[in-house]
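Asks: This is query24.txt (compact mmCIF, C-alpha atoms).
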# COMPACT_ATOMS: atom_id res chain seq x y z
CA MET A 1 -151.19 17.66 63.91
CA SER A 2 -153.67 15.81 66.08
CA HIS A 3 -151.20 13.51 67.89
CA GLY A 4 -148.80 16.26 68.82
CA LYS A 5 -148.99 19.23 71.10
CA SER A 6 -147.62 22.70 70.70
CA ILE A 7 -144.81 23.70 73.03
CA GLU A 8 -145.45 27.15 74.43
CA GLY A 9 -143.39 29.31 76.74
CA ARG A 10 -139.96 28.72 78.22
CA GLN A 11 -138.88 26.44 81.02
CA ARG A 12 -136.82 27.75 83.95
CA VAL A 13 -133.45 26.30 84.92
CA THR A 14 -130.93 27.00 87.70
CA VAL A 15 -127.46 26.19 86.44
CA VAL A 16 -124.52 28.44 85.69
CA SER A 17 -124.27 29.56 82.09
CA VAL A 18 -121.39 28.47 79.91
CA VAL A 19 -121.68 30.36 76.61
CA PRO A 20 -119.67 30.87 73.43
CA VAL A 21 -117.12 33.64 73.14
CA LEU A 22 -118.91 35.18 70.17
CA PHE A 23 -122.02 35.49 72.35
CA THR A 24 -120.18 37.82 74.75
CA LEU A 25 -120.70 41.03 72.80
CA LEU A 26 -124.44 40.44 72.63
CA VAL A 27 -124.68 39.84 76.38
CA ALA A 28 -122.43 42.75 77.27
CA THR A 29 -124.69 45.00 75.25
CA MET A 30 -127.66 43.74 77.23
CA TYR A 31 -125.90 44.54 80.51
CA ASP A 32 -124.82 48.05 79.61
CA ALA A 33 -127.44 49.46 77.27
CA PRO A 34 -131.24 49.57 77.00
CA LEU A 35 -132.80 46.87 74.88
CA SER A 36 -134.17 47.93 71.52
CA GLY A 37 -135.49 46.32 68.34
CA ALA A 38 -135.33 42.53 68.30
CA ALA A 39 -133.54 42.46 71.66
CA ALA A 40 -136.53 44.09 73.32
CA ARG A 41 -139.04 41.45 72.24
CA GLN A 42 -140.85 39.35 74.78
CA ASP A 43 -138.70 36.23 74.28
CA ALA A 44 -135.37 38.07 74.36
CA VAL A 45 -132.46 36.75 76.40
CA THR A 46 -132.80 37.63 80.10
CA PHE A 47 -130.63 36.91 83.14
CA ARG A 48 -130.87 35.19 86.51
CA GLY A 49 -128.47 34.13 89.24
CA GLY A 50 -126.40 30.93 89.07
CA VAL A 51 -125.00 28.31 91.43
CA ASP A 52 -121.64 27.64 93.09
CA LEU A 53 -120.02 25.18 90.68
CA VAL A 54 -119.55 25.47 86.94
CA THR A 55 -120.00 22.13 85.18
CA ALA A 56 -118.81 21.63 81.62
CA THR A 57 -119.46 18.66 79.35
CA VAL A 58 -116.29 17.73 77.48
CA SER A 59 -115.70 15.57 74.40
CA VAL A 60 -112.23 14.38 73.40
CA ARG A 61 -110.96 12.89 70.15
CA ASP A 62 -107.50 11.88 69.03
CA ASN A 63 -105.73 13.13 65.90
CA LYS A 64 -107.49 10.45 63.84
CA GLY A 65 -110.94 11.58 64.95
CA ARG A 66 -111.55 8.66 67.32
CA VAL A 67 -113.39 9.21 70.62
CA VAL A 68 -111.02 9.03 73.60
CA ARG A 69 -112.66 7.25 76.54
CA ASN A 70 -110.01 6.51 79.17
CA LEU A 71 -108.77 9.89 80.42
CA LYS A 72 -108.50 10.76 84.10
CA GLN A 73 -108.98 13.98 86.01
CA SER A 74 -105.23 14.57 85.98
CA ASP A 75 -105.27 14.55 82.16
CA PHE A 76 -107.24 17.82 82.04
CA GLU A 77 -106.60 21.39 83.00
CA ILE A 78 -108.95 24.35 83.12
CA LEU A 79 -108.03 27.94 82.38
CA ASP A 80 -110.65 30.40 83.63
CA SER A 81 -109.91 33.89 82.28
CA GLY A 82 -106.32 32.68 81.90
CA VAL A 83 -106.13 31.45 85.52
CA LEU A 84 -105.61 27.76 86.27
CA ARG A 85 -108.56 26.36 88.28
CA GLU A 86 -108.71 23.27 90.46
CA ILE A 87 -111.07 20.56 89.24
CA LYS A 88 -113.55 19.87 92.04
CA SER A 89 -115.55 17.08 90.42
CA PHE A 90 -114.79 14.70 87.56
CA GLU A 91 -117.05 12.03 86.02
CA SER A 92 -116.28 9.69 83.14
CA GLY A 93 -117.47 6.43 81.63
CA GLU A 94 -120.66 5.37 79.91
CA SER A 95 -123.94 6.75 81.16
CA PRO A 96 -127.60 6.67 80.01
CA ILE A 97 -128.58 9.30 77.48
CA SER A 98 -131.54 11.68 77.35
CA LEU A 99 -132.02 12.67 73.70
CA GLY A 100 -134.42 15.17 72.25
CA VAL A 101 -134.85 14.50 68.51
CA LEU A 102 -135.99 17.58 66.62
CA VAL A 103 -137.11 17.06 63.01
CA ASP A 104 -137.66 19.80 60.45
CA ILE A 105 -140.99 19.25 58.63
CA SER A 106 -141.09 22.59 56.81
CA GLY A 107 -141.74 22.94 53.09
CA SER A 108 -138.11 22.81 52.00
CA MET A 109 -137.76 19.32 53.52
CA SER A 110 -140.23 17.95 50.96
CA VAL A 111 -137.72 18.56 48.17
CA GLY A 112 -135.25 15.93 46.95
CA GLY A 113 -136.18 13.15 49.35
CA ASN A 114 -135.03 14.93 52.50
CA MET A 115 -138.10 13.96 54.52
CA GLU A 116 -137.43 10.28 53.86
CA ARG A 117 -133.82 10.83 54.92
CA ALA A 118 -135.12 12.42 58.13
CA ARG A 119 -137.34 9.39 58.85
CA SER A 120 -134.37 7.11 58.28
CA ALA A 121 -132.20 9.17 60.64
CA VAL A 122 -134.79 8.96 63.43
CA SER A 123 -135.01 5.20 62.98
CA VAL A 124 -131.22 4.83 63.07
CA ALA A 125 -130.93 7.02 66.17
CA MET A 126 -133.49 4.93 68.05
CA ALA A 127 -131.67 1.73 67.04
CA VAL A 128 -128.37 3.08 68.38
CA LEU A 129 -129.87 4.09 71.72
CA ARG A 130 -130.38 1.42 74.41
CA SER A 131 -134.00 0.59 75.12
CA GLY A 132 -134.82 0.55 78.83
CA ALA A 133 -131.74 2.59 79.76
CA ASP A 134 -131.66 5.58 77.44
CA GLU A 135 -134.66 7.79 76.84
CA ALA A 136 -135.75 9.93 73.92
CA ALA A 137 -138.49 12.28 72.80
CA LEU A 138 -139.57 13.34 69.33
CA TYR A 139 -140.40 16.90 68.31
CA THR A 140 -141.14 18.44 64.93
CA PHE A 141 -141.15 22.03 63.80
CA ASP A 142 -141.98 24.34 60.96
CA SER A 143 -143.29 27.68 62.21
CA LYS A 144 -143.77 26.22 65.72
CA LEU A 145 -142.54 23.36 67.88
CA GLU A 146 -144.74 20.26 68.28
CA GLU A 147 -144.22 17.39 70.72
CA ILE A 148 -144.98 14.14 68.88
CA ILE A 149 -143.86 11.66 71.55
CA GLY A 150 -142.74 12.75 75.01
CA PHE A 151 -139.70 11.33 76.77
CA THR A 152 -139.85 7.55 76.98
CA SER A 153 -137.49 4.58 77.30
CA ASP A 154 -139.75 2.61 74.91
CA LEU A 155 -137.63 3.52 71.91
CA ALA A 156 -139.51 1.24 69.50
CA SER A 157 -142.38 3.73 69.58
CA LEU A 158 -140.16 6.35 67.93
CA ARG A 159 -138.48 4.23 65.25
CA ARG A 160 -140.81 4.94 62.34
CA PRO A 161 -142.43 8.27 63.03
CA ARG A 162 -145.19 9.82 61.00
CA LEU A 163 -143.75 13.13 59.85
CA GLU A 164 -146.04 15.52 58.04
CA GLY A 165 -145.41 19.12 57.08
CA ARG A 166 -147.01 21.86 55.08
CA PRO A 167 -145.96 22.00 51.41
CA TRP A 168 -144.43 25.47 51.72
CA GLY A 169 -144.38 26.00 55.47
CA ILE A 170 -141.93 28.48 56.99
CA THR A 171 -139.01 27.39 59.17
CA SER A 172 -138.28 28.65 62.69
CA LEU A 173 -135.21 26.48 63.17
CA TYR A 174 -133.30 28.44 65.80
CA ASP A 175 -136.38 29.06 67.95
CA ALA A 176 -137.23 25.34 67.91
CA VAL A 177 -133.68 24.36 68.90
CA ALA A 178 -133.74 26.77 71.85
CA GLN A 179 -137.06 25.47 73.14
CA THR A 180 -136.06 21.82 72.76
CA ALA A 181 -132.75 22.40 74.55
CA LYS A 182 -134.63 23.78 77.54
CA ILE A 183 -136.87 20.72 77.70
CA VAL A 184 -133.91 18.32 77.44
CA GLY A 185 -132.08 20.34 80.10
CA ASP A 186 -134.64 19.22 82.69
CA ARG A 187 -134.04 15.51 82.09
CA PRO A 188 -132.25 13.52 84.84
CA ASN A 189 -129.60 11.65 82.85
CA ARG A 190 -126.02 12.86 83.02
CA HIS A 191 -125.58 12.78 79.24
CA ARG A 192 -128.15 14.90 77.43
CA ALA A 193 -128.32 16.31 73.93
CA VAL A 194 -130.52 17.61 71.13
CA LEU A 195 -130.28 15.91 67.73
CA VAL A 196 -131.57 18.25 65.02
CA ILE A 197 -132.42 16.75 61.62
CA THR A 198 -132.86 19.51 59.04
CA ASP A 199 -131.90 20.76 55.62
CA GLY A 200 -130.41 23.81 57.32
CA VAL A 201 -132.76 26.51 56.04
CA ASP A 202 -134.21 29.01 58.55
CA THR A 203 -136.75 31.52 57.26
CA ALA A 204 -138.65 32.73 60.32
CA SER A 205 -136.77 32.48 63.64
CA GLN A 206 -136.76 35.45 65.98
CA LEU A 207 -133.64 34.17 67.76
CA THR A 208 -130.20 34.16 66.11
CA ALA A 209 -127.64 31.34 66.15
CA PRO A 210 -125.52 33.04 68.89
CA GLU A 211 -128.62 33.54 71.06
CA VAL A 212 -129.66 29.90 70.69
CA SER A 213 -126.16 28.63 71.45
CA GLY A 214 -126.13 30.78 74.59
CA ILE A 215 -129.44 29.30 75.75
CA ALA A 216 -128.38 25.72 75.04
CA SER A 217 -124.99 26.22 76.65
CA SER A 218 -126.52 27.77 79.76
CA ILE A 219 -128.34 24.51 80.52
CA ASP A 220 -125.46 22.22 79.51
CA VAL A 221 -127.12 20.71 76.42
CA PRO A 222 -124.93 20.08 73.36
CA VAL A 223 -126.66 20.41 70.01
CA TYR A 224 -125.84 17.85 67.30
CA LEU A 225 -127.00 18.71 63.80
CA LEU A 226 -127.54 16.21 61.00
CA VAL A 227 -128.05 18.22 57.80
CA VAL A 228 -129.78 16.06 55.20
CA VAL A 229 -129.07 16.94 51.58
CA ASN A 230 -129.49 15.56 48.07
CA PRO A 231 -126.38 13.56 47.02
CA VAL A 232 -125.47 16.16 44.38
CA ASP A 233 -125.43 18.84 47.10
CA HIS A 234 -123.31 16.87 49.57
CA PRO A 235 -120.14 18.84 50.51
CA SER A 236 -117.95 15.85 49.63
CA ALA A 237 -119.43 15.76 46.14
CA LYS A 238 -118.72 19.33 45.13
CA VAL A 239 -117.36 22.60 46.46
CA PRO A 240 -120.20 24.48 48.22
CA THR A 241 -121.24 27.79 46.74
CA ALA A 242 -121.71 30.91 48.85
CA ASP A 243 -125.47 31.07 48.46
CA ALA A 244 -127.99 31.86 51.19
CA LYS A 245 -128.38 28.24 52.22
CA ALA A 246 -124.60 27.75 52.54
CA VAL A 247 -124.34 30.81 54.76
CA GLU A 248 -127.13 29.43 56.96
CA LYS A 249 -125.28 26.13 57.34
CA VAL A 250 -122.14 27.94 58.44
CA SER A 251 -124.22 29.53 61.22
CA LEU A 252 -125.55 26.10 62.17
CA ALA A 253 -122.00 24.75 62.43
CA ASP A 254 -121.14 27.61 64.78
CA LEU A 255 -124.21 26.90 66.90
CA ALA A 256 -123.25 23.23 67.28
CA ARG A 257 -119.63 24.01 68.11
CA TRP A 258 -120.47 26.69 70.70
CA THR A 259 -122.69 24.25 72.60
CA GLY A 260 -120.05 21.50 72.57
CA GLY A 261 -121.89 19.54 69.87
CA ASP A 262 -121.13 18.85 66.23
CA MET A 263 -122.61 19.07 62.73
CA ARG A 264 -122.59 16.45 59.97
CA PHE A 265 -124.00 16.18 56.44
CA ALA A 266 -125.84 13.10 55.21
CA SER A 267 -127.19 12.27 51.76
CA THR A 268 -127.35 8.46 51.81
CA GLY A 269 -128.35 5.74 54.23
CA GLU A 270 -124.68 4.93 54.80
CA HIS A 271 -123.90 8.55 55.70
CA ILE A 272 -126.77 8.59 58.17
CA ALA A 273 -125.77 5.33 59.87
CA VAL A 274 -122.08 6.25 60.21
CA ASN A 275 -122.68 9.81 61.41
CA VAL A 276 -125.39 8.97 63.94
CA ALA A 277 -123.36 6.11 65.43
CA ASP A 278 -120.27 8.32 65.72
CA MET A 279 -122.18 11.20 67.33
CA PHE A 280 -123.72 8.87 69.90
CA ASP A 281 -120.37 7.24 70.68
CA GLU A 282 -119.05 10.71 71.53
CA LEU A 283 -122.13 11.63 73.54
CA ARG A 284 -122.09 8.47 75.62
CA HIS A 285 -118.42 8.90 76.54
CA GLN A 286 -118.32 12.59 77.42
CA TYR A 287 -116.54 13.78 80.55
CA LEU A 288 -118.21 16.04 83.12
CA ILE A 289 -115.84 18.47 84.81
CA SER A 290 -116.81 20.90 87.58
CA PHE A 291 -114.90 23.72 89.23
CA GLU A 292 -115.54 26.76 91.38
CA PRO A 293 -116.20 29.96 89.42
CA GLY A 294 -113.91 32.95 89.70
CA GLY A 295 -114.82 35.77 92.05
CA LYS A 296 -115.12 38.43 89.37
CA GLU A 297 -118.63 39.08 88.17
CA GLY A 298 -119.58 38.71 84.54
CA TRP A 299 -118.12 36.81 81.60
CA HIS A 300 -115.24 34.36 82.12
CA PRO A 301 -113.52 32.93 79.02
CA LEU A 302 -113.01 29.23 79.59
CA GLU A 303 -110.49 26.87 78.07
CA ILE A 304 -110.54 23.17 78.90
CA ARG A 305 -107.64 21.29 77.43
CA ALA A 306 -105.91 17.91 77.64
CA ARG A 307 -102.33 17.74 78.79
CA LYS A 308 -101.56 15.54 75.78
CA ASN A 309 -101.05 17.85 72.81
CA ASP A 310 -102.39 15.44 70.18
CA LEU A 311 -105.93 15.39 71.61
CA LEU A 312 -108.79 17.59 70.43
CA VAL A 313 -111.03 18.81 73.25
CA ARG A 314 -114.45 20.25 72.49
CA ALA A 315 -116.36 22.10 75.19
CA ARG A 316 -118.17 25.36 75.73
CA SER A 317 -116.20 28.57 75.70
CA GLY A 318 -117.03 30.47 78.88
CA TYR A 319 -119.48 31.19 81.68
CA PHE A 320 -121.01 33.97 83.74
CA ALA A 321 -120.23 34.34 87.45
CA GLY A 322 -121.86 36.36 90.20
CA ARG A 323 -124.48 38.06 88.09
CA GLN A 324 -127.52 36.92 86.21
CA ARG A 325 -127.24 34.59 83.28
CA PRO A 326 -128.83 34.21 79.82
CA SER A 327 -131.94 32.07 79.56
What would you get if you wrote out this structure as structure tokens?

Replies:
Amino acid sequence: MSHGKSIEGRQRVTVVSVVPVLFTLLVATMYDAPLSGAAARQDAVTFRGGVDLVTATVSVRDNKGRVVRNLKQSDFEILDSGVLREIKSFESGESPISLGVLVDISGSMSVGGNMERARSAVSVAMAVLRSGADEAALYTFDSKLEEIIGFTSDLASLRRPRLEGRPWGITSLYDAVAQTAKIVGDRPNRHRAVLVITDGVDTASQLTAPEVSGIASSIDVPVYLLVVVNPVDHPSAKVPTADAKAVEKVSLADLARWTGGDMRFASTGEHIAVNVADMFDELRHQYLISFEPGGKEGWHPLEIRARKNDLLVRARSGYFAGRQRPS
């Protein structure tokens, strides 16, 4: 692709990791045993030291699924390894967004109109963002990640992208998400996220869903997934079958949840418009909560909850203190 550039290597960050509970076993194994097989590869998860405060991005919805925007610091409590922690910093309200849009252009996306759905989703996302305040970048992937348009506040330049893929190209979905999350993690805006537009099929990644969620969580970047499907395959249209693709989408849902993001399905223009607008409403009104980490080294399970029982809080599930962190 002549107008894009390949993204190579991994960017370095210096924030404390907050990773999903199901990622703990993988990391503990890396601490206590020699690496072998896939874990020993060059791009395996490694560890470095953190900083003094743990910051978690928190989304809150009520029991009807509506975004809750008016909570105060006193409305939250943090349990760190079961111990109540004092909130040291609290930020709320609207804030500019840095969004990395990652579009699957692999061979499977050429089937059933999914590529056109992807183009529509990019256009809708740029229309929802605020030109001059928010910023976005566009990346595509099949077997490798390509930067199509770097971060810019000129959102009109991203609204109708030229997306081209190989007819039967392979898909390195998880690897592309991990790399994009690292790039977005270096952006200055308080609210940052990766929006992945895909059909959910991964055929070639070296990283697994838990590894990617650990990387994205460690740099405080929620991953939102918009899975584009043919109308006859939409989950609301029929009961999903337990085929390989369905299993892959379950893993994608876990990845999104572990990073504090979300996953939606879309098969029509209406689905795309409603889901993108709702995701961005949540992203723009997230809360940022910081606290001092516990003194014990290693993994700390983390629970952030609202004092009102009818509210659903979504945030990352833990962090590492004292020792080196996944990257």

Asks: Any idea what the distance is between CA of Gly294 in chain A and CA of Glu91 in chain A?

Replies: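 Taking CA of Gly294 in chain A as the start and CA of Glu91 in chain A as the end point, the length is 21.5 Å.
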
Asks: For Arg130 in chain A, find every residue with an atom within 12 Å (counting all atoms listed in the file), except residues of its own chain fewer than 2 positions away, and show them as a list in words.

Replies: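 Non-adjacent residues within range: Glu94, Ser95, Pro96, Ile97, Ser98, Leu99, Val124, Ala125, Met126, Ala127, Val128, Gly132, Ala133, Asp134, Glu135, Ala136, Thr152, Ser153, Asp154, Leu155, Ala156, Phe280 and Arg284 of chain A.
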
Asks: May I ask which of the residues A:Ser110, A:Arg257, A:Gly318, A:Gly100 is the closest one to Asp186 in chain A, counting all atoms listed in the file?

Replies: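 Comparing A:Ser110, A:Arg257, A:Gly318, A:Gly100 against Asp186 in chain A, the winner is A:Gly100.
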
Asks: For Ile149 in chain A, which residue among A:Ser120, A:Leu102, A:Trp299, A:Ser108 is the nearest when counting all atoms listed in the file?

Replies: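 Closest residue, counting all atoms listed in the file: A:Leu102.
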
Asks: Report, as lines of an AutoDock Vina configuration file, the axis-aligned box around all atoms of range 192-198 of chain A present in the file, extended by 5 Å on each side; give centre and edge lengths in Å to one decimal place.

Replies:
center_x = -130.5
center_y = 17.2
center_z = 68.2
size_x = 14.7
size_y = 14.6
size_z = 28.4

Asks: I'd like the interatomic distance between CA of Val223 in chain A and CA of Asp281 in chain A, to a tenth of an Å.

Replies: 14.6 Å

Asks: Give me, please, the distance in Å between CA of Ile148 in chain A and CA of Tyr224 in chain A, quoted to one decimal.

Replies: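 CA of Tyr224 in chain A lies at a distance of 19.6 Å from CA of Ile148 in chain A.
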
Asks: Rank A:His285, A:Lys308, A:His300, A:Arg119 by their smallest atom-to-atom distance to Arg69 in chain A, using all atoms listed in the file, and report the top residue only.

Replies: A:His285

Asks: Quick one: residues within 10 Å of Asp75 in chain A, only C-alpha atoms counted, chain neighbours fewer than 5 positions away excluded, as a VMD selection string?

Replies: chain A and resid 70 305 to 308

Asks: Selection from above, C-alpha atoms, as a compact mmCIF listing (two decimals), keeping the file's coordinate frame, can you write it?

Replies:
# COMPACT_ATOMS: atom_id res chain seq x y z
CA ASN A 70 -110.01 6.51 79.17
CA ARG A 305 -107.64 21.29 77.43
CA ALA A 306 -105.91 17.91 77.64
CA ARG A 307 -102.33 17.74 78.79
CA LYS A 308 -101.56 15.54 75.78

Asks: Point out the residue among A:Val58, A:Leu302, A:Ala315, A:Ala253 with the least atom-to-atom distance to Val83 in chain A, counting all atoms listed in the file.

Replies: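 Ranking A:Val58, A:Leu302, A:Ala315, A:Ala253 by distance to Val83 in chain A, first place goes to A:Leu302.
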
Asks: Contacts of Leu84 in chain A at 12 Å or less, counting all atoms listed in the file, minus same-chain residues fewer than 6 places along, as a list in words?

Replies: Phe76, Glu77, Ile78, Phe291, Glu292, Pro293, Gly294, Pro301, Leu302, Glu303, Ile304 and Arg305 of chain A

Asks: Please produce a file of those selected residues containing C-alpha atoms, as a short mmCIF file (atom, residue, chain, number, x, y, z; two decimals), in the frame of the given file.

Replies:
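File produced: selection.cif:
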data_model
loop_
_atom_site.label_atom_id
_atom_site.label_comp_id
_atom_site.auth_asym_id
_atom_site.auth_seq_id
_atom_site.Cartn_x
_atom_site.Cartn_y
_atom_site.Cartn_z
CA PHE A 76 -107.24 17.82 82.04
CA GLU A 77 -106.60 21.39 83.00
CA ILE A 78 -108.95 24.35 83.12
CA PHE A 291 -114.90 23.72 89.23
CA GLU A 292 -115.54 26.76 91.38
CA PRO A 293 -116.20 29.96 89.42
CA GLY A 294 -113.91 32.95 89.70
CA PRO A 301 -113.52 32.93 79.02
CA LEU A 302 -113.01 29.23 79.59
CA GLU A 303 -110.49 26.87 78.07
CA ILE A 304 -110.54 23.17 78.90
CA ARG A 305 -107.64 21.29 77.43
#

Asks: Need the shell around Ala256 in chain A: protein/DNA/RNA residues with any atom at most 8 Å away, counting all atoms listed in the file. Skip same-chain ones fewer than 5 positions apart. Format as a ChimeraX atom specification?

Replies: /A:213,222-225,261-263

Asks: Given all atoms listed in the file as the basis, pick out the residue of A:Leu71, A:Ala277, A:Leu311, A:Val228 nearest to Gly112 in chain A.

Replies: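 Smallest separation from Gly112 in chain A among the options: A:Val228.
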